[in-house]
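Structure file model.txt (compact mmCIF, C-alpha atoms) follows.
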```txt
# COMPACT_ATOMS: atom_id res chain seq x y z
CA MET A 1 -9.51 21.59 23.35
CA LYS A 2 -6.18 22.49 21.76
CA LEU A 3 -5.70 24.29 18.46
CA GLY A 4 -2.63 24.22 16.26
CA THR A 5 -1.85 25.04 12.66
CA GLY A 6 0.52 24.48 9.73
CA LEU A 7 1.26 22.29 7.85
CA PHE A 8 4.37 23.91 6.47
CA THR A 9 5.35 22.47 3.10
CA CYS A 10 7.41 25.37 1.65
CA GLN A 11 6.15 24.58 -1.84
CA ARG A 12 6.67 26.99 -4.70
CA ARG A 13 3.69 27.37 -6.99
CA PRO A 14 4.45 28.06 -10.67
CA ASP A 15 3.26 31.66 -10.22
CA ASP A 16 5.50 32.24 -7.16
CA ASP A 17 8.89 33.77 -7.99
CA ARG A 18 10.29 33.70 -4.46
CA THR A 19 13.54 31.87 -3.67
CA GLY A 20 13.71 28.79 -1.50
CA GLU A 21 15.36 30.88 1.21
CA GLN A 22 12.37 33.23 1.20
CA LEU A 23 9.91 30.35 1.45
CA TYR A 24 11.69 28.95 4.49
CA ALA A 25 11.90 32.41 6.02
CA GLU A 26 8.13 32.62 5.60
CA MET A 27 7.76 29.36 7.54
CA LEU A 28 9.76 30.75 10.47
CA ASP A 29 7.88 34.06 10.36
CA LEU A 30 4.56 32.25 10.56
CA ALA A 31 5.82 29.92 13.28
CA ARG A 32 6.69 32.92 15.44
CA ALA A 33 3.21 34.30 14.75
CA ILE A 34 1.69 30.99 15.91
CA ASP A 35 3.66 31.15 19.14
CA ASP A 36 2.81 34.81 19.72
CA ALA A 37 -0.89 34.21 19.02
CA GLY A 38 -1.15 31.67 21.84
CA LEU A 39 -1.94 28.66 19.67
CA ASP A 40 -0.84 25.25 20.84
CA SER A 41 1.18 23.76 18.00
CA ALA A 42 2.88 24.13 14.60
CA TRP A 43 3.51 21.31 12.14
CA VAL A 44 5.53 20.46 9.05
CA SER A 45 4.74 17.95 6.32
CA GLU A 46 7.01 15.69 4.24
CA HIS A 47 7.35 14.51 0.66
CA HIS A 48 10.30 13.91 -1.66
CA PHE A 49 11.45 14.59 -5.23
CA ALA A 50 8.68 17.12 -5.91
CA ASP A 51 9.30 19.69 -8.63
CA ASP A 52 7.73 22.39 -6.43
CA ASP A 53 10.28 21.71 -3.65
CA TYR A 54 7.79 20.23 -1.17
CA LEU A 55 9.55 20.14 2.20
CA SER A 56 11.59 16.95 2.57
CA GLY A 57 13.89 17.69 5.53
CA THR A 58 11.49 17.41 8.45
CA MET A 59 14.08 17.24 11.22
CA PRO A 60 16.15 20.26 10.09
CA ALA A 61 12.93 22.22 9.67
CA LEU A 62 11.76 21.24 13.13
CA GLY A 63 15.13 22.20 14.59
CA ALA A 64 14.63 25.66 13.11
CA LEU A 65 11.09 25.82 14.49
CA ALA A 66 12.42 24.83 17.91
CA ALA A 67 14.79 27.79 17.83
CA ALA A 68 12.18 30.23 16.48
CA THR A 69 9.48 29.43 19.05
CA ASP A 70 9.25 29.20 22.82
CA GLY A 71 6.13 27.42 24.00
CA ILE A 72 4.30 25.57 21.24
CA GLU A 73 4.27 21.87 20.45
CA ILE A 74 6.04 21.07 17.18
CA GLY A 75 6.18 18.01 14.99
CA PRO A 76 5.80 16.39 11.60
CA CYS A 77 2.29 15.66 10.44
CA ILE A 78 3.48 13.36 9.21
CA ALA A 79 6.95 11.84 8.63
CA LEU A 80 7.13 8.89 6.24
CA ALA A 81 8.45 6.29 8.64
CA PRO A 82 9.45 3.48 6.23
CA LEU A 83 11.83 5.80 4.37
CA TYR A 84 14.01 6.58 7.41
CA ASP A 85 17.04 4.91 8.86
CA GLY A 86 15.71 4.11 12.32
CA VAL A 87 18.79 5.04 14.32
CA ARG A 88 19.23 8.35 12.52
CA LEU A 89 15.56 9.15 13.07
CA ALA A 90 15.92 8.39 16.78
CA GLU A 91 19.02 10.60 17.02
CA ASP A 92 17.52 13.49 15.07
CA ALA A 93 14.17 13.41 16.84
CA ALA A 94 15.85 13.32 20.25
CA THR A 95 18.00 16.29 19.22
CA VAL A 96 14.93 18.29 18.15
CA ASP A 97 13.20 17.42 21.40
CA LEU A 98 16.18 18.63 23.42
CA LEU A 99 16.49 21.82 21.37
CA SER A 100 12.80 22.56 21.92
CA GLY A 101 12.76 21.78 25.63
CA GLY A 102 10.59 18.68 25.25
CA ARG A 103 8.05 20.09 22.79
CA LEU A 104 8.29 17.45 20.02
CA THR A 105 5.49 15.09 19.04
CA LEU A 106 6.71 12.68 16.38
CA GLY A 107 3.99 12.03 13.82
CA LEU A 108 4.56 8.99 11.59
CA ALA A 109 2.70 7.14 8.83
CA ILE A 110 3.32 4.36 6.30
CA GLY A 111 3.55 6.55 3.18
CA SER A 112 1.97 6.00 -0.20
CA ASN A 113 3.77 7.47 -3.20
CA PRO A 114 5.31 4.64 -5.29
CA ARG A 115 7.98 6.98 -6.64
CA GLU A 116 9.29 7.78 -3.16
CA PHE A 117 9.57 4.12 -2.18
CA GLU A 118 11.29 3.23 -5.45
CA ALA A 119 13.80 6.07 -5.17
CA PHE A 120 14.70 5.15 -1.58
CA GLY A 121 14.98 1.46 -2.47
CA VAL A 122 12.29 0.48 0.04
CA PRO A 123 9.77 -2.22 -0.97
CA ARG A 124 6.34 -0.61 -0.72
CA GLU A 125 4.77 -3.89 0.37
CA GLU A 126 6.87 -3.76 3.56
CA ARG A 127 5.65 -0.34 4.66
CA VAL A 128 3.37 -1.51 7.48
CA GLU A 129 6.01 -3.78 8.99
CA ARG A 130 8.64 -1.05 8.63
CA LEU A 131 6.43 1.49 10.40
CA GLU A 132 5.81 -0.87 13.30
CA GLU A 133 9.51 -1.61 13.60
CA GLN A 134 10.33 2.10 13.54
CA VAL A 135 8.11 2.66 16.56
CA ARG A 136 9.70 -0.22 18.48
CA LEU A 137 13.19 0.88 17.48
CA LEU A 138 12.57 4.49 18.52
CA ARG A 139 11.36 3.47 21.95
CA ALA A 140 14.33 1.14 22.40
CA ALA A 141 16.78 3.83 21.25
CA TRP A 142 15.36 6.40 23.65
CA SER A 143 15.44 4.02 26.62
CA ALA A 144 18.35 3.94 29.07
CA GLY A 145 21.32 1.78 28.18
CA SER A 146 21.97 -0.19 25.01
CA LEU A 147 19.46 -0.65 22.20
CA ASP A 148 18.68 -4.25 23.21
CA TYR A 149 16.53 -4.70 20.10
CA ASP A 150 17.15 -6.97 17.12
CA ALA A 151 15.82 -5.00 14.15
CA ALA A 152 14.66 -6.82 11.03
CA PHE A 153 14.98 -3.87 8.63
CA HIS A 154 17.92 -2.00 10.16
CA ASP A 155 21.47 -3.33 10.33
CA VAL A 156 22.36 -2.13 13.81
CA SER A 157 23.81 -4.03 16.74
CA PRO A 158 21.57 -4.44 19.81
CA GLU A 159 24.67 -3.62 21.85
CA VAL A 160 24.96 0.02 20.78
CA SER A 161 23.62 2.84 22.92
CA VAL A 162 21.91 5.45 20.76
CA THR A 163 22.55 9.05 21.81
CA PRO A 164 21.37 11.64 22.58
CA LYS A 165 18.42 10.46 24.56
CA PRO A 166 15.49 12.79 25.22
CA ASP A 167 15.11 14.07 28.77
CA GLY A 168 11.51 12.85 28.84
CA GLU A 169 9.06 10.86 26.77
CA VAL A 170 8.66 11.81 23.10
CA PRO A 171 5.04 11.08 22.14
CA ILE A 172 4.60 9.12 18.91
CA MET A 173 1.52 9.92 16.86
CA LEU A 174 0.38 7.72 13.97
CA GLY A 175 -1.78 8.87 11.09
CA GLY A 176 -4.23 6.92 8.98
CA LYS A 177 -7.90 6.66 8.10
CA ALA A 178 -8.50 2.94 7.63
CA ARG A 179 -9.51 0.98 10.69
CA PRO A 180 -6.38 -1.22 10.68
CA ALA A 181 -4.26 1.95 10.80
CA VAL A 182 -6.34 3.40 13.63
CA ARG A 183 -6.15 0.17 15.62
CA ARG A 184 -2.40 0.04 15.03
CA ALA A 185 -2.12 3.51 16.54
CA ALA A 186 -4.20 2.39 19.52
CA ARG A 187 -1.87 -0.54 20.17
CA ILE A 188 1.61 0.90 19.63
CA ALA A 189 1.43 4.70 19.68
CA ASP A 190 0.61 7.53 22.06
CA ALA A 191 -1.75 9.37 19.71
CA TRP A 192 -3.69 9.15 16.46
CA CYS A 193 -4.27 11.87 13.86
CA ALA A 194 -7.50 11.84 11.85
CA PRO A 195 -7.07 12.97 8.22
CA SER A 196 -8.99 15.95 6.90
CA SER A 197 -11.23 13.76 4.72
CA LEU A 198 -12.78 12.05 7.74
CA SER A 199 -16.12 13.42 8.96
CA VAL A 200 -16.84 14.30 12.57
CA GLU A 201 -18.90 11.13 12.85
CA GLY A 202 -16.08 9.14 11.28
CA VAL A 203 -13.64 10.54 13.85
CA ARG A 204 -16.06 9.69 16.68
CA LYS A 205 -16.43 6.07 15.54
CA ARG A 206 -12.70 5.57 15.22
CA VAL A 207 -12.01 7.08 18.64
CA GLU A 208 -14.53 4.64 20.08
CA ASP A 209 -12.57 1.88 18.33
CA VAL A 210 -9.29 3.19 19.78
CA ARG A 211 -10.71 3.14 23.30
CA ALA A 212 -12.15 -0.34 22.82
CA VAL A 213 -8.83 -1.73 21.56
CA ARG A 214 -6.87 -0.23 24.42
CA GLU A 215 -9.34 -1.46 27.01
CA ARG A 216 -9.51 -4.94 25.51
CA GLU A 217 -5.73 -5.28 25.38
CA GLY A 218 -5.15 -3.68 28.79
CA ILE A 219 -3.10 -0.75 27.50
CA ASP A 220 -2.72 1.97 30.11
CA GLY A 221 -1.58 5.56 29.78
CA GLU A 222 -2.80 8.65 28.02
CA PHE A 223 -3.75 8.54 24.37
CA ASP A 224 -4.26 11.78 22.45
CA VAL A 225 -6.51 12.45 19.47
CA TYR A 226 -5.53 14.94 16.78
CA VAL A 227 -7.78 16.03 13.93
CA LEU A 228 -6.46 17.64 10.74
CA ARG A 229 -8.71 20.13 8.93
CA HIS A 230 -8.03 22.60 6.12
CA GLY A 231 -9.51 26.01 6.69
CA PHE A 232 -9.24 29.77 7.02
CA VAL A 233 -10.70 32.65 9.01
CA GLY A 234 -12.07 35.78 7.36
CA ASP A 235 -14.75 38.42 7.63
CA SER A 236 -17.22 36.05 5.96
CA ARG A 237 -17.36 32.54 4.54
CA GLU A 238 -16.88 33.95 1.06
CA ALA A 239 -13.88 36.07 2.05
CA ALA A 240 -12.20 33.20 3.90
CA TRP A 241 -12.77 30.82 1.00
CA GLU A 242 -11.49 33.33 -1.54
CA ALA A 243 -8.30 33.81 0.49
CA MET A 244 -7.41 30.11 0.72
CA ARG A 245 -8.94 28.64 -2.44
CA ASP A 246 -6.07 28.83 -4.93
CA GLY A 247 -3.46 27.50 -2.52
CA TYR A 248 -5.84 24.83 -1.24
CA PHE A 249 -6.68 23.54 -4.71
CA TYR A 250 -3.03 23.67 -5.69
CA ILE A 251 -1.89 21.49 -2.81
CA GLN A 252 -4.79 19.07 -3.28
CA ARG A 253 -3.88 18.66 -6.95
CA ARG A 254 -0.31 17.96 -5.93
CA TYR A 255 -1.50 15.41 -3.38
CA ALA A 256 -3.50 13.68 -6.09
CA GLU A 257 -0.23 13.33 -8.00
CA ILE A 258 1.76 12.25 -4.96
CA PHE A 259 -0.67 9.56 -3.87
CA SER A 260 -1.29 8.18 -7.36
CA GLY A 261 2.18 8.60 -8.81
CA GLU A 262 0.56 10.03 -11.95
CA PRO A 263 0.40 13.63 -13.26
CA VAL A 264 -2.83 15.56 -12.57
CA SER A 265 -3.28 18.69 -14.64
CA GLU A 266 -6.57 19.79 -13.06
CA LEU A 267 -8.86 18.60 -10.28
CA PRO A 268 -12.29 17.46 -11.50
CA ALA A 269 -15.17 19.82 -10.71
CA GLU A 270 -16.77 17.21 -8.46
CA ARG A 271 -13.57 16.90 -6.44
CA LYS A 272 -13.36 20.67 -6.07
CA ARG A 273 -16.92 20.76 -4.74
CA ALA A 274 -16.10 18.04 -2.21
CA LEU A 275 -13.00 19.89 -1.07
CA ARG A 276 -14.98 23.10 -0.67
CA GLU A 277 -17.43 21.25 1.57
CA GLN A 278 -14.60 19.78 3.65
CA ALA A 279 -12.91 23.14 4.27
CA MET A 280 -13.61 24.84 7.58
CA VAL A 281 -14.00 28.46 6.50
CA GLY A 282 -15.76 31.57 7.72
CA THR A 283 -15.81 34.08 10.52
CA PRO A 284 -14.30 33.20 13.89
CA ASP A 285 -17.81 32.34 15.11
CA HIS A 286 -18.32 29.94 12.18
CA VAL A 287 -15.01 28.23 12.89
CA VAL A 288 -15.70 27.96 16.62
CA GLU A 289 -19.05 26.32 15.90
CA GLU A 290 -17.44 23.68 13.68
CA LEU A 291 -14.59 23.06 16.12
CA GLU A 292 -17.04 22.55 18.97
CA ALA A 293 -18.50 19.61 17.05
CA TYR A 294 -15.24 17.73 17.64
CA ARG A 295 -15.34 18.48 21.35
CA GLU A 296 -18.86 17.06 21.50
CA ALA A 297 -17.91 13.99 19.48
CA VAL A 298 -14.53 13.13 20.99
CA GLY A 299 -14.14 15.02 24.24
CA ASP A 300 -12.41 18.11 25.54
CA ASP A 301 -8.90 16.71 25.01
CA VAL A 302 -9.09 16.74 21.21
CA HIS A 303 -6.29 18.66 19.45
CA VAL A 304 -7.36 20.17 16.12
CA ILE A 305 -4.63 20.98 13.60
CA PHE A 306 -6.34 23.76 11.63
CA ARG A 307 -4.36 23.81 8.41
CA THR A 308 -4.04 27.44 7.35
CA TYR A 309 -0.77 27.18 5.39
CA HIS A 310 -1.81 27.16 1.72
CA PRO A 311 1.10 27.68 -0.69
CA GLY A 312 1.36 31.03 -2.40
CA ILE A 313 -1.64 32.83 -0.89
CA GLY A 314 0.52 35.45 0.82
CA THR A 315 2.40 35.65 4.11
CA ASP A 316 0.34 38.58 5.34
CA ALA A 317 -2.96 36.78 4.74
CA MET A 318 -1.78 33.68 6.61
CA ARG A 319 -0.36 35.75 9.46
CA GLU A 320 -3.63 37.64 9.83
CA CYS A 321 -5.54 34.35 9.92
CA ILE A 322 -3.21 33.04 12.64
CA ASP A 323 -3.64 36.23 14.66
CA ARG A 324 -7.43 35.96 14.46
CA LEU A 325 -7.32 32.33 15.53
CA GLY A 326 -5.40 33.42 18.61
CA SER A 327 -7.45 36.51 19.46
CA GLU A 328 -10.96 35.43 18.45
CA VAL A 329 -11.16 31.63 18.20
CA VAL A 330 -8.99 30.32 21.01
CA PRO A 331 -10.71 32.40 23.76
CA ALA A 332 -14.09 31.05 22.68
CA LEU A 333 -12.84 27.47 22.92
CA ARG A 334 -11.41 27.86 26.40
```

Just give me the structure of the file as structure tokens.
Amino acid sequence: MKLGTGLFTCQRRPDDDRTGEQLYAEMLDLARAIDDAGLDSAWVSEHHFADDDYLSGTMPALGALAAATDGIEIGPCIALAPLYDGVRLAEDAATVDLLSGGRLTLGLAIGSNPREFEAFGVPREERVERLEEQVRLLRAAWSAGSLDYDAAFHDVSPEVSVTPKPDGEVPIMLGGKARPAVRRAARIADAWCAPSSLSVEGVRKRVEDVRAVREREGIDGEFDVYVLRHGFVGDSREAAWEAMRDGYFYIQRRYAEIFSGEPVSELPAERKRALREQAMVGTPDHVVEELEAYREAVGDDVHVIFRTYHPGIGTDAMRECIDRLGSEVVPALR
């Protein structure tokens, strides 16, 4: 089992008076802590036009993470594929992979926020087709020689050779909860990421579906499973929950706005209770016990992205959580 963390969003809560430069410095500080702690990966997230400055530049951020770290896997979880120019995404991702020494996993999804699609001039109803084309275009761009691909949504000649090219394979991970999204990942990607709202049993059923699709269609090669969970480590369940709660509820309220396109002033009490139940919080032993459930359900190769970055809860608190994951959780998993 692998264990990573993030997802860096560099948001500024209304009660946070730090500058943008300080927020990005915090990201790099925590990324170095992740590397030093012996965790496996660090991740960024992406959204646009947010009044709290939610991270939008995934590739520049990942370039900085590549320079700040030495051994960990890095990537977006996830990049909004339909909003990208395909050639520029191929160039930038290859550059990040080269800068990191082959440590990039490119996480992609179809996106949701109507405001983002409208602002970028991308028809939202085309998002599935645009995601699928992005995957095909990326693979063509990273292959030797000319593009040799006639793109429907990108005005680029099949005769051009996109550079740079990565020295090795860049794994493509697709996100999504619905079965069509999971089956799409099984067919065209190298990995799938389960969202935090999906139960252990839900993850198990979808992994079974992934394996059935790949067997039925004769798709060879490795396929990795990632699971995203929000959580925190502390001296007790109560202490861990208290440390993450405000930042966790803040980002979930913002997600409610992002996904609906409508303002949300406060999360309903029922939603807060559900989020509390979804969070993986407690002592290192508590967290290990919950993580082991994924190993039992999916297998030893599962990669859990334990989301400990909660905006505005304090750099020291997040660094301490990362350190405890490395010193007390990881050894128990291995």

Please identify every residue of segment 84-130 of chain A that has at least one atom no farther than 12 Å from an atom of segment 239-261 of chain A, counting all atoms listed in the file, and for each give the shortest atom pair and the distance in Å to one decimal, arranged by chain then increasing number, as a tab-separated table.
```
residue	atom	partner	partner_atom	distance
A:Gly111	CA	A:Phe259	CA	8.8
A:Ser112	CA	A:Phe259	CA	5.8
A:Asn113	CA	A:Phe259	CA	5.0
A:Pro114	CA	A:Gly261	CA	6.2
A:Arg115	CA	A:Gly261	CA	6.4
A:Glu116	CA	A:Ile258	CA	8.9
A:Phe117	CA	A:Gly261	CA	10.9
A:Glu118	CA	A:Gly261	CA	11.1
```

Original post:
Do you know which residues are at most 9 Å from Ala42 of chain A counting only C-alpha atoms, after dropping those on the same chain fewer than 3 positions away, and could you put them as a list in words?
Top reply: Gly4, Thr5, Gly6, Leu7, Phe8, Ala31, Ile34, Asp35, Leu39, Leu65, Ile72, Glu73, Ile74, Gly75, Pro76 and Ile305 of chain A

List every residue of segment 221-267 of chain A that has an atom at most 8 Å from any atom of segment 314-325 of chain A, and for each one report the closest atom pair and its distance in Å to one decimal, counting only C-alpha atoms, with rows sorted by chain and then by increasing residue number, as JSON lines.
```
{"residue": "A:Phe232", "atom": "CA", "partner": "A:Cys321", "partner_atom": "CA", "distance": 6.6}
{"residue": "A:Val233", "atom": "CA", "partner": "A:Cys321", "partner_atom": "CA", "distance": 5.5}
{"residue": "A:Gly234", "atom": "CA", "partner": "A:Cys321", "partner_atom": "CA", "distance": 7.2}
{"residue": "A:Ala243", "atom": "CA", "partner": "A:Ala317", "partner_atom": "CA", "distance": 7.4}
```

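Coordinates place atom CA of Ala81 of chain A at a distance of 13.6 Å from atom CA of Glu125 of chain A.
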
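Going from atom CA of Asp40 of chain A to atom CA of Lys2 of chain A covers 6.1 Å.
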
Subject >> Who sits within 9 Å of Cys77 of chain A, only C-alpha atoms, same chain under 4 positions skipped, as an MDAnalysis selection string >> reply: chainID A and resid 7 43:46 106:109 173:175 193 228

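The interatomic distance for the pair atom CA of Glu91 of chain A and atom CA of Pro164 of chain A works out to 6.1 Å.
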
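Of the residues listed (A:Ile110, A:Ile219, A:Ala269, A:Val160), A:Ile110 shows the shortest atom-to-atom separation from Ala178 of chain A; distances use only C-alpha atoms.
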
**OP:** Show me as a PyMOL selection string the residues that reach within 6 Å of (3.1, 29.2, -2.1), counting all atoms listed in the file and using the file's own coordinates.
**Re:** chain A and resi 11-13+311-312

Filtering to C-alpha atoms, could you give me those residues as a short mmCIF file (atom, residue, chain, number, x, y, z; two decimals), in the frame of the given file?
```cif
data_model
loop_
_atom_site.label_atom_id
_atom_site.label_comp_id
_atom_site.auth_asym_id
_atom_site.auth_seq_id
_atom_site.Cartn_x
_atom_site.Cartn_y
_atom_site.Cartn_z
CA GLN A 11 6.15 24.58 -1.84
CA ARG A 12 6.67 26.99 -4.70
CA ARG A 13 3.69 27.37 -6.99
CA PRO A 311 1.10 27.68 -0.69
CA GLY A 312 1.36 31.03 -2.40
#
```

**OP:** Give as a PyMOL selection string every residue, naming chains and numbers as the document does, that has an atom within 9 Å of (13.4, 5.1, 5.0), counting all atoms listed in the file.
**Re:** chain A and resi 80-86+117+120-122+130

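Restricting the calculation to only C-alpha atoms, the smallest distance between Ala279 of chain A and any of A:His230, A:Arg237, A:Arg124, A:His303 is found for A:His230.
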
For Arg334 of chain A, please output as a short mmCIF file (atom, residue, chain, number, x, y, z; two decimals) with C-alpha atoms, in the coordinates of the input all residues within 12 Å (counting all atoms listed in the file; exclusion window: fewer than 3 positions along the same chain).
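That gives us part.cif:
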```
data_model
loop_
_atom_site.label_atom_id
_atom_site.label_comp_id
_atom_site.auth_asym_id
_atom_site.auth_seq_id
_atom_site.Cartn_x
_atom_site.Cartn_y
_atom_site.Cartn_z
CA MET A 1 -9.51 21.59 23.35
CA LYS A 2 -6.18 22.49 21.76
CA LEU A 3 -5.70 24.29 18.46
CA GLY A 38 -1.15 31.67 21.84
CA LEU A 39 -1.94 28.66 19.67
CA VAL A 288 -15.70 27.96 16.62
CA LEU A 291 -14.59 23.06 16.12
CA GLU A 292 -17.04 22.55 18.97
CA ARG A 295 -15.34 18.48 21.35
CA ASP A 300 -12.41 18.11 25.54
CA ASP A 301 -8.90 16.71 25.01
CA GLY A 326 -5.40 33.42 18.61
CA SER A 327 -7.45 36.51 19.46
CA GLU A 328 -10.96 35.43 18.45
CA VAL A 329 -11.16 31.63 18.20
CA VAL A 330 -8.99 30.32 21.01
CA PRO A 331 -10.71 32.40 23.76
#
```

Original post:
Which is closest to Gly221 of chain A among A:Gly145, A:Pro268, A:Pro195, A:Pro171, if we use all atoms listed in the file?
Top reply: A:Pro171

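Nearest to Asp235 of chain A of all the residues A:Glu129, A:Asp36, A:Glu215, A:Asp285 is A:Asp285, based on only C-alpha atoms.
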
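Residues in contact range of segment 185-188 of chain A, defined as at most 6 Å between all atoms listed in the file, with sequence neighbours fewer than 3 positions away removed, read Leu174, Val182, Trp192 and Val210 of chain A.
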